[in-house]
file coords_37.txt (compact mmCIF, N, CA and C atoms and all ligand atoms)
# COMPACT_ATOMS: atom_id res chain seq x y z
N MET A 1 9.92 -5.69 -13.97
CA MET A 1 9.81 -5.97 -12.55
C MET A 1 11.22 -6.09 -11.94
N VAL A 2 11.40 -5.48 -10.79
CA VAL A 2 12.67 -5.58 -10.08
C VAL A 2 12.49 -6.59 -8.94
N PRO A 3 13.21 -7.72 -8.97
CA PRO A 3 13.05 -8.73 -7.92
C PRO A 3 13.45 -8.19 -6.54
N GLY A 4 12.85 -8.76 -5.51
CA GLY A 4 13.13 -8.32 -4.15
C GLY A 4 14.61 -8.36 -3.80
N HIS A 5 15.30 -9.43 -4.22
CA HIS A 5 16.72 -9.53 -3.87
C HIS A 5 17.55 -8.44 -4.54
N GLU A 6 17.10 -7.98 -5.71
CA GLU A 6 17.82 -6.91 -6.41
C GLU A 6 17.59 -5.57 -5.71
N ILE A 7 16.37 -5.35 -5.24
CA ILE A 7 16.08 -4.12 -4.48
C ILE A 7 16.99 -4.08 -3.25
N LEU A 8 17.06 -5.22 -2.57
CA LEU A 8 17.88 -5.29 -1.36
C LEU A 8 19.36 -5.08 -1.70
N ARG A 9 19.81 -5.70 -2.76
CA ARG A 9 21.23 -5.56 -3.15
C ARG A 9 21.58 -4.09 -3.40
N ARG A 10 20.69 -3.40 -4.09
CA ARG A 10 20.94 -1.98 -4.40
C ARG A 10 20.92 -1.12 -3.13
N LEU A 11 20.01 -1.42 -2.23
CA LEU A 11 19.96 -0.66 -0.97
C LEU A 11 21.20 -0.92 -0.13
N GLN A 12 21.61 -2.20 -0.09
CA GLN A 12 22.78 -2.55 0.72
C GLN A 12 24.06 -1.92 0.18
N ALA A 13 24.08 -1.59 -1.10
CA ALA A 13 25.25 -0.93 -1.68
C ALA A 13 25.39 0.49 -1.14
N LYS A 14 24.30 1.06 -0.65
CA LYS A 14 24.33 2.45 -0.18
C LYS A 14 24.15 2.59 1.32
N PHE A 15 23.49 1.61 1.94
CA PHE A 15 23.16 1.74 3.36
C PHE A 15 23.58 0.48 4.12
N SER A 16 23.83 0.67 5.40
CA SER A 16 24.08 -0.47 6.27
C SER A 16 22.75 -0.90 6.86
N LEU A 17 22.34 -2.14 6.56
CA LEU A 17 21.01 -2.61 6.96
C LEU A 17 21.12 -3.84 7.84
N THR A 18 20.28 -3.87 8.85
CA THR A 18 20.20 -5.03 9.74
C THR A 18 18.80 -5.61 9.66
N SER A 19 18.72 -6.90 9.43
CA SER A 19 17.44 -7.56 9.29
C SER A 19 16.63 -7.45 10.59
N VAL A 20 15.35 -7.15 10.47
CA VAL A 20 14.45 -7.12 11.63
C VAL A 20 13.66 -8.43 11.64
N VAL A 21 13.81 -9.17 12.71
CA VAL A 21 13.09 -10.45 12.82
C VAL A 21 11.68 -10.17 13.32
N SER A 22 10.70 -10.73 12.63
CA SER A 22 9.30 -10.50 13.01
C SER A 22 8.70 -11.76 13.61
N GLU A 23 7.85 -11.56 14.61
CA GLU A 23 7.11 -12.68 15.21
C GLU A 23 5.86 -12.98 14.39
N ASN A 24 5.47 -12.03 13.54
CA ASN A 24 4.23 -12.13 12.79
C ASN A 24 4.47 -12.84 11.45
N LYS A 25 4.06 -14.10 11.38
CA LYS A 25 4.33 -14.88 10.16
C LYS A 25 3.56 -14.37 8.95
N SER A 26 2.47 -13.64 9.18
CA SER A 26 1.70 -13.17 8.03
C SER A 26 2.11 -11.77 7.58
N GLU A 27 3.17 -11.25 8.19
CA GLU A 27 3.66 -9.93 7.78
C GLU A 27 4.12 -9.98 6.33
N THR A 28 3.76 -8.96 5.57
CA THR A 28 4.07 -8.99 4.13
C THR A 28 5.48 -8.47 3.83
N ALA A 29 5.97 -7.56 4.63
CA ALA A 29 7.26 -6.93 4.34
C ALA A 29 8.40 -7.65 5.07
N LYS A 30 9.53 -7.76 4.39
CA LYS A 30 10.77 -8.10 5.09
C LYS A 30 11.39 -6.77 5.47
N ARG A 31 11.61 -6.62 6.77
CA ARG A 31 12.02 -5.30 7.26
C ARG A 31 13.51 -5.26 7.57
N TRP A 32 14.06 -4.05 7.41
CA TRP A 32 15.48 -3.81 7.64
C TRP A 32 15.64 -2.51 8.41
N ARG A 33 16.52 -2.52 9.39
CA ARG A 33 16.80 -1.32 10.18
C ARG A 33 18.05 -0.66 9.61
N LEU A 34 17.93 0.65 9.43
CA LEU A 34 19.06 1.41 8.91
C LEU A 34 19.94 1.87 10.06
N ASP A 35 21.24 1.75 9.89
CA ASP A 35 22.16 2.32 10.87
C ASP A 35 21.90 3.81 10.94
N GLY A 36 21.75 4.36 12.14
CA GLY A 36 21.48 5.78 12.27
C GLY A 36 19.99 6.08 12.39
N GLY A 37 19.18 5.05 12.31
CA GLY A 37 17.75 5.26 12.54
C GLY A 37 16.90 5.01 11.31
N GLY A 38 15.72 4.58 11.56
CA GLY A 38 14.77 4.35 10.47
C GLY A 38 14.69 2.88 10.08
N GLU A 39 13.70 2.60 9.34
CA GLU A 39 13.45 1.22 8.95
C GLU A 39 12.83 1.21 7.55
N ILE A 40 13.15 0.21 6.79
CA ILE A 40 12.49 0.04 5.49
C ILE A 40 11.90 -1.36 5.42
N GLY A 41 10.90 -1.50 4.58
CA GLY A 41 10.32 -2.82 4.35
C GLY A 41 10.26 -3.08 2.86
N ILE A 42 10.59 -4.29 2.48
CA ILE A 42 10.51 -4.68 1.07
C ILE A 42 9.40 -5.71 0.94
N ILE A 43 8.45 -5.40 0.10
CA ILE A 43 7.34 -6.33 -0.17
C ILE A 43 7.52 -6.83 -1.59
N ALA A 44 7.80 -8.13 -1.71
CA ALA A 44 8.09 -8.70 -3.03
C ALA A 44 7.22 -9.95 -3.25
N PRO A 45 5.91 -9.74 -3.42
CA PRO A 45 4.99 -10.87 -3.47
C PRO A 45 5.16 -11.78 -4.67
N VAL A 46 5.79 -11.30 -5.72
CA VAL A 46 5.95 -12.14 -6.91
C VAL A 46 7.23 -12.95 -6.83
N THR A 47 8.35 -12.30 -6.53
CA THR A 47 9.63 -13.02 -6.50
C THR A 47 9.88 -13.72 -5.18
N GLU A 48 9.23 -13.25 -4.11
CA GLU A 48 9.38 -13.90 -2.80
C GLU A 48 8.01 -14.01 -2.15
N PRO A 49 7.14 -14.88 -2.69
CA PRO A 49 5.77 -14.95 -2.21
C PRO A 49 5.67 -15.33 -0.74
N PHE A 50 4.66 -14.79 -0.09
CA PHE A 50 4.44 -15.07 1.34
C PHE A 50 3.02 -15.56 1.55
N CYS A 51 2.40 -16.07 0.49
CA CYS A 51 0.99 -16.48 0.57
C CYS A 51 0.75 -17.58 1.60
N GLY A 52 1.73 -18.42 1.82
CA GLY A 52 1.56 -19.55 2.73
C GLY A 52 1.15 -19.15 4.13
N HIS A 53 1.50 -17.93 4.53
CA HIS A 53 1.14 -17.45 5.87
C HIS A 53 0.05 -16.38 5.83
N CYS A 54 -0.54 -16.20 4.67
CA CYS A 54 -1.54 -15.12 4.54
C CYS A 54 -2.81 -15.44 5.31
N ASN A 55 -3.24 -14.49 6.13
CA ASN A 55 -4.49 -14.68 6.89
C ASN A 55 -5.47 -13.55 6.61
N ARG A 56 -5.33 -12.93 5.45
CA ARG A 56 -6.11 -11.73 5.17
C ARG A 56 -7.38 -12.00 4.35
N LEU A 57 -8.44 -11.33 4.76
CA LEU A 57 -9.65 -11.18 3.96
C LEU A 57 -9.82 -9.69 3.79
N ARG A 58 -10.37 -9.26 2.66
CA ARG A 58 -10.59 -7.82 2.47
C ARG A 58 -12.07 -7.53 2.30
N LEU A 59 -12.49 -6.46 2.94
CA LEU A 59 -13.85 -5.97 2.76
C LEU A 59 -13.76 -4.70 1.93
N THR A 60 -14.36 -4.71 0.76
CA THR A 60 -14.29 -3.54 -0.11
C THR A 60 -15.28 -2.48 0.37
N ALA A 61 -15.11 -1.28 -0.14
CA ALA A 61 -15.98 -0.17 0.27
C ALA A 61 -17.43 -0.41 -0.12
N ASP A 62 -17.66 -1.28 -1.09
CA ASP A 62 -19.05 -1.58 -1.48
C ASP A 62 -19.52 -2.93 -0.94
N GLY A 63 -18.88 -3.40 0.12
CA GLY A 63 -19.42 -4.52 0.87
C GLY A 63 -19.14 -5.91 0.32
N GLN A 64 -18.10 -6.04 -0.48
CA GLN A 64 -17.73 -7.34 -1.01
C GLN A 64 -16.50 -7.89 -0.26
N ILE A 65 -16.50 -9.17 0.01
CA ILE A 65 -15.33 -9.80 0.64
C ILE A 65 -14.48 -10.42 -0.46
N ARG A 66 -13.19 -10.10 -0.42
CA ARG A 66 -12.22 -10.73 -1.32
C ARG A 66 -11.28 -11.55 -0.45
N THR A 67 -11.08 -12.81 -0.81
CA THR A 67 -10.25 -13.69 -0.01
C THR A 67 -8.78 -13.61 -0.41
N CYS A 68 -8.50 -12.89 -1.49
CA CYS A 68 -7.12 -12.68 -1.94
C CYS A 68 -7.14 -11.43 -2.79
N LEU A 69 -6.03 -10.71 -2.81
CA LEU A 69 -5.96 -9.54 -3.69
C LEU A 69 -6.22 -9.92 -5.13
N PHE A 70 -5.96 -11.16 -5.46
CA PHE A 70 -6.08 -11.59 -6.86
C PHE A 70 -7.26 -12.52 -7.09
N SER A 71 -8.19 -12.55 -6.13
CA SER A 71 -9.42 -13.32 -6.33
C SER A 71 -10.19 -12.77 -7.52
N VAL A 72 -10.77 -13.65 -8.29
CA VAL A 72 -11.66 -13.20 -9.35
C VAL A 72 -13.12 -13.32 -8.90
N VAL A 73 -13.32 -13.81 -7.70
CA VAL A 73 -14.66 -13.95 -7.12
C VAL A 73 -14.77 -13.03 -5.91
N GLU A 74 -15.92 -12.38 -5.77
CA GLU A 74 -16.20 -11.56 -4.59
C GLU A 74 -17.44 -12.12 -3.90
N HIS A 75 -17.47 -11.99 -2.58
CA HIS A 75 -18.56 -12.56 -1.79
C HIS A 75 -19.35 -11.40 -1.19
N ASP A 76 -20.66 -11.42 -1.43
CA ASP A 76 -21.51 -10.26 -1.19
C ASP A 76 -22.01 -10.17 0.26
N LEU A 77 -21.27 -9.46 1.08
CA LEU A 77 -21.68 -9.24 2.46
C LEU A 77 -22.78 -8.17 2.54
N ARG A 78 -22.69 -7.18 1.68
CA ARG A 78 -23.66 -6.07 1.71
C ARG A 78 -25.09 -6.58 1.56
N ALA A 79 -25.30 -7.50 0.64
CA ALA A 79 -26.66 -8.01 0.43
C ALA A 79 -27.18 -8.67 1.70
N LEU A 80 -26.32 -9.44 2.35
CA LEU A 80 -26.73 -10.11 3.60
C LEU A 80 -27.12 -9.08 4.66
N LEU A 81 -26.28 -8.05 4.81
CA LEU A 81 -26.55 -7.03 5.82
C LEU A 81 -27.84 -6.27 5.51
N ARG A 82 -28.05 -5.98 4.25
CA ARG A 82 -29.23 -5.20 3.87
C ARG A 82 -30.53 -5.98 4.03
N GLU A 83 -30.41 -7.30 3.96
CA GLU A 83 -31.64 -8.08 4.16
C GLU A 83 -31.84 -8.43 5.64
N GLY A 84 -30.92 -7.90 6.48
CA GLY A 84 -31.08 -8.07 7.92
C GLY A 84 -30.72 -9.45 8.43
N ALA A 85 -29.75 -10.07 7.80
CA ALA A 85 -29.36 -11.43 8.20
C ALA A 85 -28.97 -11.46 9.69
N PRO A 86 -29.39 -12.49 10.40
CA PRO A 86 -29.04 -12.60 11.83
C PRO A 86 -27.55 -12.92 12.00
N ASP A 87 -27.06 -12.72 13.23
CA ASP A 87 -25.64 -12.94 13.52
C ASP A 87 -25.18 -14.34 13.11
N GLU A 88 -26.03 -15.34 13.37
CA GLU A 88 -25.64 -16.72 13.04
C GLU A 88 -25.40 -16.88 11.53
N ALA A 89 -26.21 -16.23 10.73
CA ALA A 89 -26.05 -16.30 9.27
C ALA A 89 -24.75 -15.59 8.85
N LEU A 90 -24.47 -14.47 9.52
CA LEU A 90 -23.23 -13.75 9.19
C LEU A 90 -22.01 -14.58 9.58
N ARG A 91 -22.11 -15.22 10.76
CA ARG A 91 -21.01 -16.08 11.22
C ARG A 91 -20.78 -17.21 10.21
N GLU A 92 -21.83 -17.83 9.77
CA GLU A 92 -21.75 -18.92 8.80
C GLU A 92 -21.16 -18.43 7.47
N PHE A 93 -21.60 -17.24 7.07
CA PHE A 93 -21.09 -16.63 5.84
C PHE A 93 -19.56 -16.47 5.93
N PHE A 94 -19.08 -15.91 7.04
CA PHE A 94 -17.64 -15.67 7.17
C PHE A 94 -16.86 -16.99 7.19
N TYR A 95 -17.38 -17.99 7.90
CA TYR A 95 -16.70 -19.29 7.93
C TYR A 95 -16.62 -19.89 6.53
N THR A 96 -17.73 -19.80 5.80
CA THR A 96 -17.76 -20.38 4.45
C THR A 96 -16.79 -19.65 3.53
N VAL A 97 -16.83 -18.31 3.60
CA VAL A 97 -15.96 -17.51 2.74
C VAL A 97 -14.48 -17.76 3.10
N ALA A 98 -14.18 -17.78 4.39
CA ALA A 98 -12.78 -17.99 4.80
C ALA A 98 -12.29 -19.35 4.32
N GLY A 99 -13.18 -20.32 4.26
CA GLY A 99 -12.80 -21.65 3.79
C GLY A 99 -12.47 -21.69 2.31
N LYS A 100 -12.85 -20.64 1.60
CA LYS A 100 -12.58 -20.58 0.17
C LYS A 100 -11.30 -19.81 -0.14
N LYS A 101 -10.59 -19.43 0.92
CA LYS A 101 -9.38 -18.62 0.71
C LYS A 101 -8.36 -19.37 -0.13
N GLU A 102 -7.82 -18.69 -1.12
CA GLU A 102 -6.83 -19.27 -2.00
C GLU A 102 -5.54 -19.57 -1.25
N ASP A 103 -4.83 -20.61 -1.66
CA ASP A 103 -3.57 -20.91 -0.98
C ASP A 103 -2.42 -20.03 -1.47
N ARG A 104 -2.63 -19.36 -2.61
CA ARG A 104 -1.57 -18.48 -3.15
C ARG A 104 -2.12 -17.75 -4.38
N HIS A 105 -1.37 -16.73 -4.80
CA HIS A 105 -1.70 -16.10 -6.08
C HIS A 105 -1.10 -16.95 -7.21
N HIS A 106 -1.52 -16.68 -8.42
CA HIS A 106 -1.02 -17.46 -9.55
C HIS A 106 -0.34 -16.55 -10.58
N ILE A 107 0.18 -15.44 -10.10
CA ILE A 107 0.85 -14.51 -11.00
C ILE A 107 2.03 -15.21 -11.67
N GLY A 108 2.14 -15.01 -12.96
CA GLY A 108 3.26 -15.58 -13.72
C GLY A 108 3.01 -17.00 -14.19
N GLU A 109 1.89 -17.59 -13.78
CA GLU A 109 1.58 -18.95 -14.21
C GLU A 109 0.66 -18.89 -15.44
N PRO A 110 0.73 -19.92 -16.28
CA PRO A 110 -0.19 -19.94 -17.43
C PRO A 110 -1.63 -19.94 -16.92
N GLY A 111 -2.46 -19.17 -17.57
CA GLY A 111 -3.87 -19.13 -17.19
C GLY A 111 -4.19 -18.12 -16.10
N PHE A 112 -3.19 -17.40 -15.62
CA PHE A 112 -3.47 -16.37 -14.60
C PHE A 112 -4.44 -15.33 -15.17
N VAL A 113 -5.47 -15.03 -14.42
CA VAL A 113 -6.45 -14.04 -14.84
C VAL A 113 -6.42 -12.88 -13.85
N GLN A 114 -6.20 -11.70 -14.36
CA GLN A 114 -6.21 -10.49 -13.52
C GLN A 114 -7.66 -10.21 -13.11
N PRO A 115 -7.91 -9.96 -11.82
CA PRO A 115 -9.29 -9.66 -11.43
C PRO A 115 -9.79 -8.38 -12.09
N GLU A 116 -11.09 -8.33 -12.28
CA GLU A 116 -11.68 -7.15 -12.92
C GLU A 116 -11.37 -5.90 -12.11
N ARG A 117 -11.52 -6.01 -10.79
CA ARG A 117 -11.18 -4.87 -9.93
C ARG A 117 -9.80 -5.15 -9.35
N THR A 118 -8.84 -4.37 -9.78
CA THR A 118 -7.46 -4.62 -9.36
C THR A 118 -7.23 -4.14 -7.92
N MET A 119 -6.03 -4.43 -7.43
CA MET A 119 -5.68 -4.12 -6.05
C MET A 119 -5.98 -2.66 -5.69
N SER A 120 -5.63 -1.74 -6.58
CA SER A 120 -5.82 -0.32 -6.27
C SER A 120 -7.31 0.05 -6.16
N CYS A 121 -8.17 -0.78 -6.72
CA CYS A 121 -9.62 -0.50 -6.67
C CYS A 121 -10.27 -1.04 -5.39
N ILE A 122 -9.55 -1.88 -4.66
CA ILE A 122 -10.18 -2.49 -3.48
C ILE A 122 -9.41 -2.15 -2.20
N GLY A 123 -8.49 -1.21 -2.30
CA GLY A 123 -7.75 -0.80 -1.12
C GLY A 123 -6.71 -1.81 -0.68
N GLY A 124 -6.15 -2.53 -1.65
CA GLY A 124 -5.18 -3.58 -1.35
C GLY A 124 -3.79 -3.08 -1.12
S1 LIG B 1 -1.57 -12.75 -3.04
FE1 LIG B 1 -3.44 -13.36 -1.96
S2 LIG B 1 -2.91 -15.16 -0.76
FE2 LIG B 1 -1.00 -14.19 -1.41
S3 LIG B 1 -0.46 -12.84 0.32
FE3 LIG B 1 -1.63 -11.58 -1.15
S4 LIG B 1 -3.75 -11.72 -0.47
FE4 LIG B 1 -2.63 -13.37 0.55

call {"tool": "encode", "arguments": {"input": "coords_37.txt", "output": "structure tokens"}}
result
Amino acid sequence: MVPGHEILRRLQAKFSLTSVVSENKSETAKRWRLDGGGEIGIIAPVTEPFCGHCNRLRLTADGQIRTCLFSVVEHDLRALLREGAPDEALREFFYTVAGKKEDRHHIGEPGFVQPERTMSCIGG
């Protein structure tokens, strides 16, 4: 793994970069503007985690809600929709699921379990 600060150090050795300040606290990338045009973003979720500001839920192509890319639990929205659940039930479902959102990933910690369906399988 190449840490985020090392990626930046290597880029700065070749390019003149200016930090782009974002108003969006849940933005995943730290962005840099290149002199002469263009922009790059570095996403370093392991060495520079940004989970504290994460507001994302994911809906998979098969109708499951994941509250984190690294959730080992999926919440079945498809079943609710197929049984014709009313709007109020769907609203309640989303509130309940959002309340279960993890405060962070646990990559690199003892006991970390990789989800059965990895990020690339859920469009993460
Ligand atoms: S690892 Fe999970 S909590 Fe952290 S930013 Fe990604 S989706 Fe959000």

call {"tool": "residues_near_ligand", "arguments": {"input": "coords_37.txt", "ligand": "ligand LIG 1 (chain B)", "cutoff": "7 Å", "atoms": "only N, CA and C atoms and all ligand atoms", "output": "list in words"}}
result
Pro45, Pro49, Phe50, Cys51, Gly52, His53, Cys54, Asn55, Arg56, Thr67, Cys68, Leu69, Phe70, Ser71, Lys101, Glu102, Asp103, Arg104, His105 and His106 of chain A

call {"tool": "atom_distance", "arguments": {"input": "coords_37.txt", "atom1": "atom N of Ser16 of chain A", "atom2": "atom C of Ile40 of chain A"}}
result
12.1 Å

call {"tool": "select_by_dssp", "arguments": {"input": "coords_37.txt", "residues": "chain A", "states": "helix (DSSP H, G or I)", "output": "number ranges by chain"}}
result
A: 4-14, 51-53, 77-82, 87-99, 119-121

call {"tool": "residues_around", "arguments": {"input": "coords_37.txt", "residues": "Arg33 of chain A", "least_positions_apart": "2", "cutoff": "6 Å", "atoms": "only C-alpha atoms", "output": "PyMOL selection string"}}
result
chain A and resi 17-18+39

call {"tool": "select_by_dssp", "arguments": {"input": "coords_37.txt", "residues": "chain A", "states": "strand (DSSP E or B)", "output": "VMD selection string"}}
result
chain A and resid 17 to 20 30 to 34 39 to 42 58 to 59 64 to 66 75 to 76

call {"tool": "atom_distance", "arguments": {"input": "coords_37.txt", "atom1": "atom N of Thr47 of chain A", "atom2": "atom C of Asn24 of chain A"}}
result
18.4 Å

call {"tool": "closest_residue", "arguments": {"input": "coords_37.txt", "among": "A:Phe93, A:Gln12, A:Gly108, A:Gly63", "to": "His75 of chain A", "atoms": "all atoms listed in the file"}}
result
A:Gly63

call {"tool": "decode", "arguments": {"input": "coords_37.txt", "residues": "segment 5-60 of chain A", "atoms": "C-alpha atoms", "output": "short mmCIF file (atom, residue, chain, number, x, y, z; two decimals), in the first residue's frame"}}
result
data_model
loop_
_atom_site.label_atom_id
_atom_site.label_comp_id
_atom_site.auth_asym_id
_atom_site.auth_seq_id
_atom_site.Cartn_x
_atom_site.Cartn_y
_atom_site.Cartn_z
CA HIS A 5 1.18 11.45 1.82
CA GLU A 6 3.67 9.43 -0.26
CA ILE A 7 1.49 9.70 -3.38
CA LEU A 8 1.34 13.45 -2.83
CA ARG A 9 5.09 13.71 -2.21
CA ARG A 10 5.84 11.92 -5.47
CA LEU A 11 3.40 14.07 -7.44
CA GLN A 12 4.78 17.26 -5.92
CA ALA A 13 8.27 16.24 -7.03
CA LYS A 14 7.07 16.47 -10.64
CA PHE A 15 4.21 18.97 -10.63
CA SER A 16 3.31 22.26 -9.04
CA LEU A 17 0.11 21.61 -7.08
CA THR A 18 -2.24 23.93 -5.25
CA SER A 19 -4.64 22.55 -2.69
CA VAL A 20 -8.34 22.91 -3.59
CA VAL A 21 -10.44 23.77 -0.56
CA SER A 22 -13.80 21.99 -0.55
CA GLU A 23 -17.01 23.07 1.15
CA ASN A 24 -18.20 19.46 1.08
CA LYS A 25 -17.07 17.76 4.29
CA SER A 26 -18.08 14.33 3.02
CA GLU A 27 -15.94 14.58 -0.11
CA THR A 28 -13.65 11.57 -0.32
CA ALA A 29 -10.80 13.05 -2.37
CA LYS A 30 -8.29 15.68 -1.35
CA ARG A 31 -8.03 17.69 -4.52
CA TRP A 32 -5.11 19.54 -6.05
CA ARG A 33 -4.99 21.94 -8.98
CA LEU A 34 -2.14 21.58 -11.41
CA ASP A 35 -0.37 24.67 -12.68
CA GLY A 36 -1.31 24.92 -16.34
CA GLY A 37 -4.70 23.31 -15.89
CA GLY A 38 -6.30 20.19 -14.60
CA GLU A 39 -6.98 18.75 -11.24
CA ILE A 40 -6.19 15.55 -9.42
CA GLY A 41 -7.77 13.95 -6.39
CA ILE A 42 -6.14 11.59 -3.93
CA ILE A 43 -8.40 9.20 -2.08
CA ALA A 44 -6.56 7.57 0.82
CA PRO A 45 -9.22 5.97 3.02
CA VAL A 46 -6.79 3.77 4.94
CA THR A 47 -3.93 6.16 5.73
CA GLU A 48 -6.10 9.30 5.87
CA PRO A 49 -9.61 8.10 6.77
CA PHE A 50 -12.54 10.42 6.20
CA CYS A 51 -15.26 8.23 7.72
CA GLY A 52 -16.17 10.86 10.31
CA HIS A 53 -17.90 12.93 7.64
CA CYS A 54 -19.29 10.05 5.60
CA ASN A 55 -22.96 10.44 4.71
CA ARG A 56 -23.18 7.66 2.14
CA LEU A 57 -25.54 4.73 1.84
CA ARG A 58 -25.26 2.43 -1.17
CA LEU A 59 -28.01 0.70 -3.05
CA THR A 60 -26.69 -2.35 -4.88
#
